[in-house]
$ cat run28.txt   # compact mmCIF, N, CA and C atoms
# COMPACT_ATOMS: atom_id res chain seq x y z
N MET A 1 0.83 -1.17 0.00
CA MET A 1 0.00 0.00 0.00
C MET A 1 0.88 1.25 0.00
N VAL A 2 0.47 2.24 -0.76
CA VAL A 2 1.24 3.47 -0.88
C VAL A 2 0.85 4.44 0.23
N GLU A 3 1.87 4.97 0.89
CA GLU A 3 1.62 5.94 1.95
C GLU A 3 1.39 7.32 1.34
N LYS A 4 0.38 8.02 1.83
CA LYS A 4 0.09 9.36 1.35
C LYS A 4 1.19 10.33 1.80
N ALA A 5 1.49 11.28 0.93
CA ALA A 5 2.49 12.30 1.28
C ALA A 5 1.95 13.17 2.39
N ARG A 6 2.80 13.49 3.34
CA ARG A 6 2.42 14.37 4.44
C ARG A 6 3.05 15.73 4.19
N ARG A 7 2.21 16.67 3.83
CA ARG A 7 2.69 18.02 3.55
C ARG A 7 2.34 18.94 4.71
N SER A 8 3.18 19.91 4.91
CA SER A 8 2.89 20.93 5.92
C SER A 8 3.12 22.30 5.28
N ALA A 9 2.50 23.30 5.87
CA ALA A 9 2.62 24.66 5.34
C ALA A 9 4.07 25.11 5.43
N VAL A 10 4.52 25.79 4.40
CA VAL A 10 5.86 26.34 4.36
C VAL A 10 5.74 27.82 4.65
N GLU A 11 6.47 28.27 5.65
CA GLU A 11 6.41 29.68 6.02
C GLU A 11 6.90 30.54 4.87
N SER A 12 6.21 31.62 4.63
CA SER A 12 6.61 32.56 3.59
C SER A 12 7.91 33.22 4.03
N ASP A 13 8.82 33.31 3.11
CA ASP A 13 10.09 33.95 3.44
C ASP A 13 10.18 35.31 2.77
N GLU A 14 10.80 36.23 3.45
CA GLU A 14 11.09 37.52 2.84
C GLU A 14 12.34 37.27 2.00
N ARG A 15 12.21 37.33 0.73
CA ARG A 15 13.27 36.90 -0.18
C ARG A 15 14.44 37.87 -0.25
N GLY A 16 14.55 38.75 0.69
CA GLY A 16 15.67 39.68 0.68
C GLY A 16 15.52 40.78 -0.36
N ASN A 17 14.30 40.93 -0.88
CA ASN A 17 14.05 41.93 -1.90
C ASN A 17 12.79 42.69 -1.51
N PRO A 18 12.88 43.99 -1.34
CA PRO A 18 11.70 44.75 -0.92
C PRO A 18 10.63 44.88 -2.01
N THR A 19 10.99 44.57 -3.25
CA THR A 19 10.05 44.66 -4.37
C THR A 19 9.09 43.48 -4.35
N ARG A 20 7.86 43.72 -4.72
CA ARG A 20 6.83 42.68 -4.74
C ARG A 20 7.27 41.51 -5.63
N GLN A 21 7.02 40.29 -5.17
CA GLN A 21 7.39 39.09 -5.90
C GLN A 21 6.17 38.52 -6.63
N TRP A 22 6.39 37.96 -7.81
CA TRP A 22 5.35 37.36 -8.64
C TRP A 22 5.78 35.96 -9.05
N GLU A 23 4.89 34.99 -8.88
CA GLU A 23 5.14 33.63 -9.34
C GLU A 23 4.76 33.55 -10.81
N VAL A 24 5.57 32.85 -11.59
CA VAL A 24 5.38 32.79 -13.04
C VAL A 24 5.03 31.37 -13.47
N PHE A 25 3.96 31.27 -14.25
CA PHE A 25 3.51 30.01 -14.82
C PHE A 25 3.45 30.18 -16.33
N ILE A 26 3.94 29.18 -17.08
CA ILE A 26 3.88 29.28 -18.54
C ILE A 26 3.26 28.03 -19.15
N ARG A 27 2.75 28.21 -20.36
CA ARG A 27 2.28 27.11 -21.19
C ARG A 27 3.09 27.23 -22.48
N ASN A 28 3.89 26.21 -22.77
CA ASN A 28 4.77 26.28 -23.93
C ASN A 28 4.02 26.26 -25.26
N GLU A 29 2.96 25.49 -25.32
CA GLU A 29 2.18 25.41 -26.56
C GLU A 29 0.72 25.16 -26.23
N GLU A 30 -0.15 25.51 -27.15
CA GLU A 30 -1.58 25.35 -26.93
C GLU A 30 -1.90 23.90 -26.60
N GLY A 31 -2.71 23.69 -25.58
CA GLY A 31 -3.09 22.35 -25.15
C GLY A 31 -2.17 21.74 -24.11
N ALA A 32 -0.99 22.33 -23.89
CA ALA A 32 -0.06 21.84 -22.88
C ALA A 32 -0.48 22.38 -21.52
N PRO A 33 -0.10 21.71 -20.44
CA PRO A 33 -0.46 22.21 -19.11
C PRO A 33 0.40 23.42 -18.73
N MET A 34 -0.15 24.24 -17.84
CA MET A 34 0.62 25.34 -17.27
C MET A 34 1.63 24.73 -16.32
N ARG A 35 2.81 25.35 -16.20
CA ARG A 35 3.79 24.87 -15.22
C ARG A 35 4.51 26.06 -14.61
N HIS A 36 4.86 25.89 -13.34
CA HIS A 36 5.57 26.94 -12.61
C HIS A 36 7.02 26.93 -13.05
N VAL A 37 7.54 28.11 -13.41
CA VAL A 37 8.93 28.18 -13.87
C VAL A 37 9.82 29.05 -13.00
N GLY A 38 9.22 29.82 -12.09
CA GLY A 38 10.04 30.66 -11.23
C GLY A 38 9.29 31.87 -10.75
N SER A 39 10.05 32.88 -10.36
CA SER A 39 9.43 34.11 -9.87
C SER A 39 10.24 35.31 -10.33
N VAL A 40 9.58 36.45 -10.34
CA VAL A 40 10.24 37.71 -10.69
C VAL A 40 9.86 38.76 -9.67
N ALA A 41 10.69 39.79 -9.55
CA ALA A 41 10.40 40.93 -8.68
C ALA A 41 9.98 42.09 -9.56
N ALA A 42 8.81 42.66 -9.26
CA ALA A 42 8.31 43.78 -10.05
C ALA A 42 7.28 44.55 -9.25
N ALA A 43 7.18 45.84 -9.51
CA ALA A 43 6.24 46.70 -8.78
C ALA A 43 4.81 46.53 -9.26
N SER A 44 4.61 46.08 -10.51
CA SER A 44 3.26 45.94 -11.05
C SER A 44 3.15 44.68 -11.89
N GLY A 45 1.92 44.30 -12.21
CA GLY A 45 1.69 43.15 -13.05
C GLY A 45 2.27 43.33 -14.45
N THR A 46 2.17 44.54 -14.97
CA THR A 46 2.72 44.83 -16.30
C THR A 46 4.23 44.66 -16.32
N GLU A 47 4.89 45.19 -15.30
CA GLU A 47 6.34 45.05 -15.20
C GLU A 47 6.72 43.58 -14.99
N ALA A 48 5.95 42.87 -14.18
CA ALA A 48 6.20 41.44 -13.95
C ALA A 48 6.08 40.67 -15.26
N HIS A 49 5.09 41.02 -16.07
CA HIS A 49 4.91 40.36 -17.37
C HIS A 49 6.12 40.60 -18.27
N GLU A 50 6.63 41.82 -18.28
CA GLU A 50 7.81 42.13 -19.09
C GLU A 50 9.02 41.30 -18.65
N HIS A 51 9.25 41.24 -17.33
CA HIS A 51 10.38 40.46 -16.80
C HIS A 51 10.19 38.97 -17.09
N ALA A 52 8.99 38.46 -16.83
CA ALA A 52 8.72 37.04 -17.03
C ALA A 52 8.85 36.65 -18.49
N SER A 53 8.38 37.50 -19.38
CA SER A 53 8.50 37.22 -20.82
C SER A 53 9.96 37.13 -21.24
N ARG A 54 10.76 38.05 -20.74
CA ARG A 54 12.17 38.07 -21.09
C ARG A 54 12.93 36.89 -20.48
N LEU A 55 12.62 36.55 -19.23
CA LEU A 55 13.36 35.51 -18.54
C LEU A 55 12.88 34.09 -18.81
N PHE A 56 11.57 33.89 -18.85
CA PHE A 56 11.02 32.54 -18.89
C PHE A 56 10.17 32.23 -20.11
N GLY A 57 9.50 33.23 -20.65
CA GLY A 57 8.45 32.90 -21.61
C GLY A 57 8.57 33.52 -22.97
N TRP A 58 9.76 33.78 -23.46
CA TRP A 58 9.88 34.40 -24.77
C TRP A 58 9.35 33.51 -25.86
N TYR A 59 9.21 32.21 -25.62
CA TYR A 59 8.70 31.26 -26.60
C TYR A 59 7.34 30.70 -26.19
N ALA A 60 6.83 31.08 -25.04
CA ALA A 60 5.61 30.47 -24.48
C ALA A 60 4.35 30.99 -25.16
N ALA A 61 3.35 30.12 -25.22
CA ALA A 61 2.03 30.51 -25.74
C ALA A 61 1.29 31.37 -24.72
N ASP A 62 1.41 31.04 -23.43
CA ASP A 62 0.71 31.76 -22.36
C ASP A 62 1.63 31.98 -21.18
N ILE A 63 1.45 33.11 -20.52
CA ILE A 63 2.15 33.42 -19.26
C ILE A 63 1.10 33.84 -18.25
N TRP A 64 1.11 33.21 -17.09
CA TRP A 64 0.23 33.61 -15.99
C TRP A 64 1.11 34.08 -14.85
N LEU A 65 0.67 35.14 -14.18
CA LEU A 65 1.40 35.69 -13.04
C LEU A 65 0.49 35.72 -11.83
N CYS A 66 1.07 35.45 -10.67
CA CYS A 66 0.32 35.47 -9.42
C CYS A 66 1.19 36.14 -8.36
N PRO A 67 0.64 37.11 -7.63
CA PRO A 67 1.43 37.70 -6.55
C PRO A 67 1.88 36.60 -5.58
N ALA A 68 3.16 36.56 -5.28
CA ALA A 68 3.70 35.51 -4.41
C ALA A 68 3.05 35.52 -3.03
N ASP A 69 2.61 36.69 -2.56
CA ASP A 69 1.95 36.77 -1.26
C ASP A 69 0.64 36.00 -1.23
N ASP A 70 0.04 35.78 -2.39
CA ASP A 70 -1.24 35.08 -2.47
C ASP A 70 -1.09 33.58 -2.67
N VAL A 71 0.13 33.08 -2.70
CA VAL A 71 0.37 31.65 -2.91
C VAL A 71 0.56 30.98 -1.56
N GLU A 72 -0.24 29.97 -1.30
CA GLU A 72 -0.07 29.15 -0.10
C GLU A 72 0.83 27.98 -0.47
N ARG A 73 1.91 27.79 0.26
CA ARG A 73 2.87 26.75 -0.07
C ARG A 73 2.77 25.61 0.94
N TYR A 74 2.68 24.40 0.40
CA TYR A 74 2.67 23.18 1.21
C TYR A 74 3.68 22.23 0.59
N SER A 75 4.49 21.59 1.42
CA SER A 75 5.53 20.72 0.89
C SER A 75 5.82 19.58 1.85
N THR A 76 6.40 18.53 1.30
CA THR A 76 6.86 17.41 2.12
C THR A 76 8.24 17.72 2.69
N ARG A 77 8.86 18.80 2.24
CA ARG A 77 10.17 19.22 2.75
C ARG A 77 10.15 20.73 2.95
N GLY A 78 10.97 21.23 3.83
CA GLY A 78 11.03 22.66 4.09
C GLY A 78 11.86 23.37 3.05
N LEU A 79 11.88 24.68 3.12
CA LEU A 79 12.72 25.45 2.22
C LEU A 79 14.14 25.46 2.76
N ALA A 80 15.10 25.14 1.91
CA ALA A 80 16.50 25.17 2.29
C ALA A 80 17.03 26.58 2.11
N GLU A 81 17.99 26.94 2.92
CA GLU A 81 18.56 28.28 2.84
C GLU A 81 19.39 28.47 1.58
N THR A 82 20.10 27.43 1.16
CA THR A 82 20.94 27.53 -0.04
C THR A 82 20.72 26.31 -0.92
N ALA A 83 21.11 26.43 -2.17
CA ALA A 83 20.94 25.32 -3.11
C ALA A 83 21.76 24.10 -2.68
N GLU A 84 22.90 24.32 -2.03
CA GLU A 84 23.73 23.20 -1.61
C GLU A 84 23.03 22.32 -0.58
N GLU A 85 22.08 22.90 0.16
CA GLU A 85 21.36 22.15 1.18
C GLU A 85 20.27 21.28 0.58
N ARG A 86 19.90 21.53 -0.67
CA ARG A 86 18.83 20.77 -1.30
C ARG A 86 19.43 19.54 -1.99
N PRO A 87 18.91 18.36 -1.71
CA PRO A 87 19.47 17.16 -2.31
C PRO A 87 19.27 17.09 -3.82
N ASP A 88 18.26 17.76 -4.37
CA ASP A 88 17.98 17.67 -5.80
C ASP A 88 18.58 18.81 -6.61
N GLU A 89 19.34 19.69 -5.97
CA GLU A 89 19.93 20.82 -6.68
C GLU A 89 21.36 21.01 -6.21
N GLY A 90 21.98 22.08 -6.65
CA GLY A 90 23.31 22.40 -6.17
C GLY A 90 24.36 22.10 -7.21
N ALA A 91 24.96 20.93 -7.15
CA ALA A 91 26.07 20.60 -8.03
C ALA A 91 25.63 20.43 -9.48
N GLY A 92 24.36 20.24 -9.73
CA GLY A 92 23.89 20.06 -11.10
C GLY A 92 23.56 18.62 -11.38
N ASP A 93 22.93 18.40 -12.53
CA ASP A 93 22.50 17.05 -12.87
C ASP A 93 23.37 16.41 -13.94
N GLY A 94 24.46 17.08 -14.30
CA GLY A 94 25.34 16.51 -15.30
C GLY A 94 24.83 16.68 -16.72
N ASP A 95 23.76 17.41 -16.92
CA ASP A 95 23.17 17.58 -18.25
C ASP A 95 23.66 18.86 -18.90
N ASP A 96 24.67 19.46 -18.37
CA ASP A 96 25.18 20.72 -18.87
C ASP A 96 26.20 20.43 -19.97
N SER A 97 25.72 20.24 -21.19
CA SER A 97 26.57 19.79 -22.27
C SER A 97 27.61 20.82 -22.71
N ASP A 98 27.29 22.11 -22.61
CA ASP A 98 28.25 23.12 -23.06
C ASP A 98 29.15 23.61 -21.92
N GLY A 99 28.86 23.23 -20.70
CA GLY A 99 29.69 23.60 -19.57
C GLY A 99 29.47 25.00 -19.05
N LYS A 100 28.60 25.79 -19.69
CA LYS A 100 28.36 27.16 -19.27
C LYS A 100 27.21 27.29 -18.30
N GLY A 101 26.36 26.28 -18.19
CA GLY A 101 25.23 26.34 -17.28
C GLY A 101 24.12 27.24 -17.75
N GLU A 102 24.09 27.57 -19.03
CA GLU A 102 23.06 28.46 -19.55
C GLU A 102 22.14 27.70 -20.49
N GLU A 103 20.89 28.12 -20.49
CA GLU A 103 19.92 27.54 -21.41
C GLU A 103 20.17 28.11 -22.80
N PRO A 104 20.17 27.26 -23.83
CA PRO A 104 20.34 27.81 -25.18
C PRO A 104 19.16 28.68 -25.54
N ARG A 105 19.38 29.75 -26.27
CA ARG A 105 18.30 30.66 -26.63
C ARG A 105 17.85 30.48 -28.08
N VAL A 106 18.34 29.46 -28.75
CA VAL A 106 17.86 29.15 -30.09
C VAL A 106 17.39 27.71 -30.09
N TYR A 107 16.16 27.52 -30.48
CA TYR A 107 15.59 26.19 -30.56
C TYR A 107 15.37 25.83 -32.01
N GLU A 108 15.32 24.55 -32.28
CA GLU A 108 15.14 24.06 -33.63
C GLU A 108 13.94 24.72 -34.31
N GLU A 109 12.85 24.92 -33.56
CA GLU A 109 11.63 25.50 -34.13
C GLU A 109 11.82 26.95 -34.55
N THR A 110 12.71 27.68 -33.88
CA THR A 110 12.85 29.10 -34.16
C THR A 110 14.17 29.45 -34.86
N ALA A 111 15.05 28.50 -35.02
CA ALA A 111 16.33 28.77 -35.68
C ALA A 111 16.07 29.24 -37.10
N GLY A 112 16.66 30.35 -37.46
CA GLY A 112 16.51 30.89 -38.81
C GLY A 112 15.23 31.66 -39.05
N ALA A 113 14.41 31.84 -38.04
CA ALA A 113 13.13 32.54 -38.21
C ALA A 113 13.35 33.98 -38.66
N SER A 114 14.40 34.63 -38.18
CA SER A 114 14.63 36.02 -38.56
C SER A 114 14.99 36.13 -40.04
N GLU A 115 15.69 35.14 -40.59
CA GLU A 115 16.03 35.17 -42.01
C GLU A 115 14.78 34.98 -42.87
N VAL A 116 13.85 34.19 -42.41
CA VAL A 116 12.63 33.92 -43.17
C VAL A 116 11.79 35.18 -43.28
N ASN A 117 11.72 35.96 -42.21
CA ASN A 117 10.87 37.15 -42.18
C ASN A 117 11.58 38.42 -42.63
N SER A 118 12.85 38.34 -42.95
CA SER A 118 13.60 39.53 -43.36
C SER A 118 13.26 39.88 -44.81
N PRO A 119 13.27 41.19 -45.13
CA PRO A 119 12.98 41.61 -46.52
C PRO A 119 14.09 41.24 -47.47
$ encode --input "run28.txt" --output "structure tokens"
Amino acid sequence: MVEKARRSAVESDERGNPTRQWEVFIRNEEGAPMRHVGSVAAASGTEAHEHASRLFGWYAADIWLCPADDVERYSTRGLAETAEERPDEGAGDGDDSDGKGEEPRVYEETAGASEVNSP
């Protein structure tokens, strides 16, 4: 028999930034589920959308934003102070093929798109 996960409320942390925080959810393509990709700091929803689009959703079909203060967090584990304290993060997963730790900004679907639309 499978044991149910026991989650408890995670205390909201002041992220060390006085600017309002926004949780970012994106949908990569129509019909795909929304997924949480991170958060941004911004004074307004419009500014949050600009930051989120630039950081997470430049290729996304949809971006949803939610004020972080309005998110109730429940987890089977607490929040770690640093990435090194988290067992699933920190040193990396070994999938960093270029060694730079950066996400590529050109995808097969969009490679060459600027040449196609150029006069």
$ closest_residue --input "run28.txt" --among "A:Pro18, A:Ala48, A:Val2, A:Ala60" --to "Glu30 (chain A)" --atoms "all atoms listed in the file"
A:Ala60
$ atom_distance --input "run28.txt" --atom1 "CA of Tyr74 (chain A)" --atom2 "CA of Glu23 (chain A)"
15.1 Å
$ atom_distance --input "run28.txt" --atom1 "CA of Leu65 (chain A)" --atom2 "CA of Phe25 (chain A)"
6.3 Å
$ residues_around --input "run28.txt" --residues "Phe56 (chain A)" --least-positions-apart "3" --cutoff "8 Å" --atoms "only C-alpha atoms" --output "PyMOL selection string"
chain A and resi 26+37-38+52-53
$ atom_distance --input "run28.txt" --atom1 "CA of Ala42 (chain A)" --atom2 "CA of Gln21 (chain A)"
6.3 Å
$ residues_around --input "run28.txt" --residues "Ala41 (chain A)" --least-positions-apart "2" --cutoff "9 Å" --atoms "only C-alpha atoms" --output "PyMOL selection string"
chain A and resi 17-22+39+43+47-48+51
$ closest_residue --input "run28.txt" --among "A:Gly57, A:Pro67, A:Lys4, A:Asp62" --to "Met34 (chain A)" --atoms "all atoms listed in the file"
A:Asp62
$ axis_aligned_box --input "run28.txt" --around "region 21-37 of chain A" --padding-each-side "5 Å" --output "JSON"
{"center_x": 3.4, "center_y": 31.0, "center_z": -16.2, "size_x": 22.9, "size_y": 28.6, "size_z": 32.0}
$ residues_around --input "run28.txt" --residues "Arg7 (chain A)" --least-positions-apart "2" --cutoff "6.5 Å" --atoms "all atoms listed in the file" --output "MDAnalysis selection string"
chainID A and resid 5 9 74:77
$ closest_residue --input "run28.txt" --among "A:Val40, A:Ala32, A:Gly45, A:Arg27" --to "Ile63 (chain A)" --atoms "only C-alpha atoms"
A:Arg27
$ closest_residue --input "run28.txt" --among "A:Glu3, A:Trp58, A:Cys66, A:Gly31" --to "Ser44 (chain A)" --atoms "only C-alpha atoms"
A:Cys66
$ select_by_dssp --input "run28.txt" --residues "region 8-49 of chain A" --states "strand (DSSP E)" --output "ChimeraX atom specification"
/A:8-9,21-27,35-41
$ decode --input "run28.txt" --residues "region 25-76 of chain A" --atoms "C-alpha atoms" --output "PDB file, in the first residue's frame"
ATOM      1  CA  PHE A  25       3.515  30.007 -14.820  1.00  0.00           C
ATOM      2  CA  ILE A  26       3.881  29.285 -18.538  1.00  0.00           C
ATOM      3  CA  ARG A  27       2.276  27.108 -21.191  1.00  0.00           C
ATOM      4  CA  ASN A  28       4.768  26.277 -23.933  1.00  0.00           C
ATOM      5  CA  GLU A  29       2.178  25.410 -26.560  1.00  0.00           C
ATOM      6  CA  GLU A  30      -1.578  25.352 -26.928  1.00  0.00           C
ATOM      7  CA  GLY A  31      -3.089  22.345 -25.152  1.00  0.00           C
ATOM      8  CA  ALA A  32      -0.058  21.837 -22.881  1.00  0.00           C
ATOM      9  CA  PRO A  33      -0.457  22.215 -19.114  1.00  0.00           C
ATOM     10  CA  MET A  34       0.620  25.341 -17.273  1.00  0.00           C
ATOM     11  CA  ARG A  35       3.794  24.869 -15.223  1.00  0.00           C
ATOM     12  CA  HIS A  36       5.566  26.941 -12.610  1.00  0.00           C
ATOM     13  CA  VAL A  37       8.925  28.176 -13.870  1.00  0.00           C
ATOM     14  CA  GLY A  38      10.044  30.657 -11.228  1.00  0.00           C
ATOM     15  CA  SER A  39       9.426  34.108  -9.867  1.00  0.00           C
ATOM     16  CA  VAL A  40      10.235  37.710 -10.694  1.00  0.00           C
ATOM     17  CA  ALA A  41      10.400  40.928  -8.677  1.00  0.00           C
ATOM     18  CA  ALA A  42       8.311  43.780 -10.050  1.00  0.00           C
ATOM     19  CA  ALA A  43       6.242  46.697  -8.782  1.00  0.00           C
ATOM     20  CA  SER A  44       3.260  45.942 -11.054  1.00  0.00           C
ATOM     21  CA  GLY A  45       1.693  43.145 -13.053  1.00  0.00           C
ATOM     22  CA  THR A  46       2.718  44.829 -16.303  1.00  0.00           C
ATOM     23  CA  GLU A  47       6.340  45.047 -15.201  1.00  0.00           C
ATOM     24  CA  ALA A  48       6.205  41.442 -13.950  1.00  0.00           C
ATOM     25  CA  HIS A  49       4.909  40.357 -17.371  1.00  0.00           C
ATOM     26  CA  GLU A  50       7.815  42.128 -19.094  1.00  0.00           C
ATOM     27  CA  HIS A  51      10.382  40.460 -16.804  1.00  0.00           C
ATOM     28  CA  ALA A  52       8.717  37.038 -17.027  1.00  0.00           C
ATOM     29  CA  SER A  53       8.496  37.220 -20.820  1.00  0.00           C
ATOM     30  CA  ARG A  54      12.172  38.074 -21.090  1.00  0.00           C
ATOM     31  CA  LEU A  55      13.365  35.508 -18.537  1.00  0.00           C
ATOM     32  CA  PHE A  56      11.022  32.540 -18.888  1.00  0.00           C
ATOM     33  CA  GLY A  57       8.454  32.903 -21.606  1.00  0.00           C
ATOM     34  CA  TRP A  58       9.879  34.403 -24.768  1.00  0.00           C
ATOM     35  CA  TYR A  59       8.696  31.263 -26.601  1.00  0.00           C
ATOM     36  CA  ALA A  60       5.613  30.474 -24.479  1.00  0.00           C
ATOM     37  CA  ALA A  61       2.034  30.510 -25.738  1.00  0.00           C
ATOM     38  CA  ASP A  62       0.705  31.759 -22.361  1.00  0.00           C
ATOM     39  CA  ILE A  63       2.148  33.415 -19.260  1.00  0.00           C
ATOM     40  CA  TRP A  64       0.230  33.607 -15.992  1.00  0.00           C
ATOM     41  CA  LEU A  65       1.398  35.691 -13.040  1.00  0.00           C
ATOM     42  CA  CYS A  66       0.319  35.468  -9.422  1.00  0.00           C
ATOM     43  CA  PRO A  67       1.433  37.699  -6.545  1.00  0.00           C
ATOM     44  CA  ALA A  68       3.700  35.513  -4.410  1.00  0.00           C
ATOM     45  CA  ASP A  69       1.951  36.775  -1.256  1.00  0.00           C
ATOM     46  CA  ASP A  70      -1.241  35.082  -2.465  1.00  0.00           C
ATOM     47  CA  VAL A  71       0.369  31.654  -2.909  1.00  0.00           C
ATOM     48  CA  GLU A  72      -0.074  29.147  -0.097  1.00  0.00           C
ATOM     49  CA  ARG A  73       2.871  26.750  -0.067  1.00  0.00           C
ATOM     50  CA  TYR A  74       2.672  23.184   1.210  1.00  0.00           C
ATOM     51  CA  SER A  75       5.530  20.725   0.889  1.00  0.00           C
ATOM     52  CA  THR A  76       6.859  17.415   2.123  1.00  0.00           C
TER      53      THR A  76
END
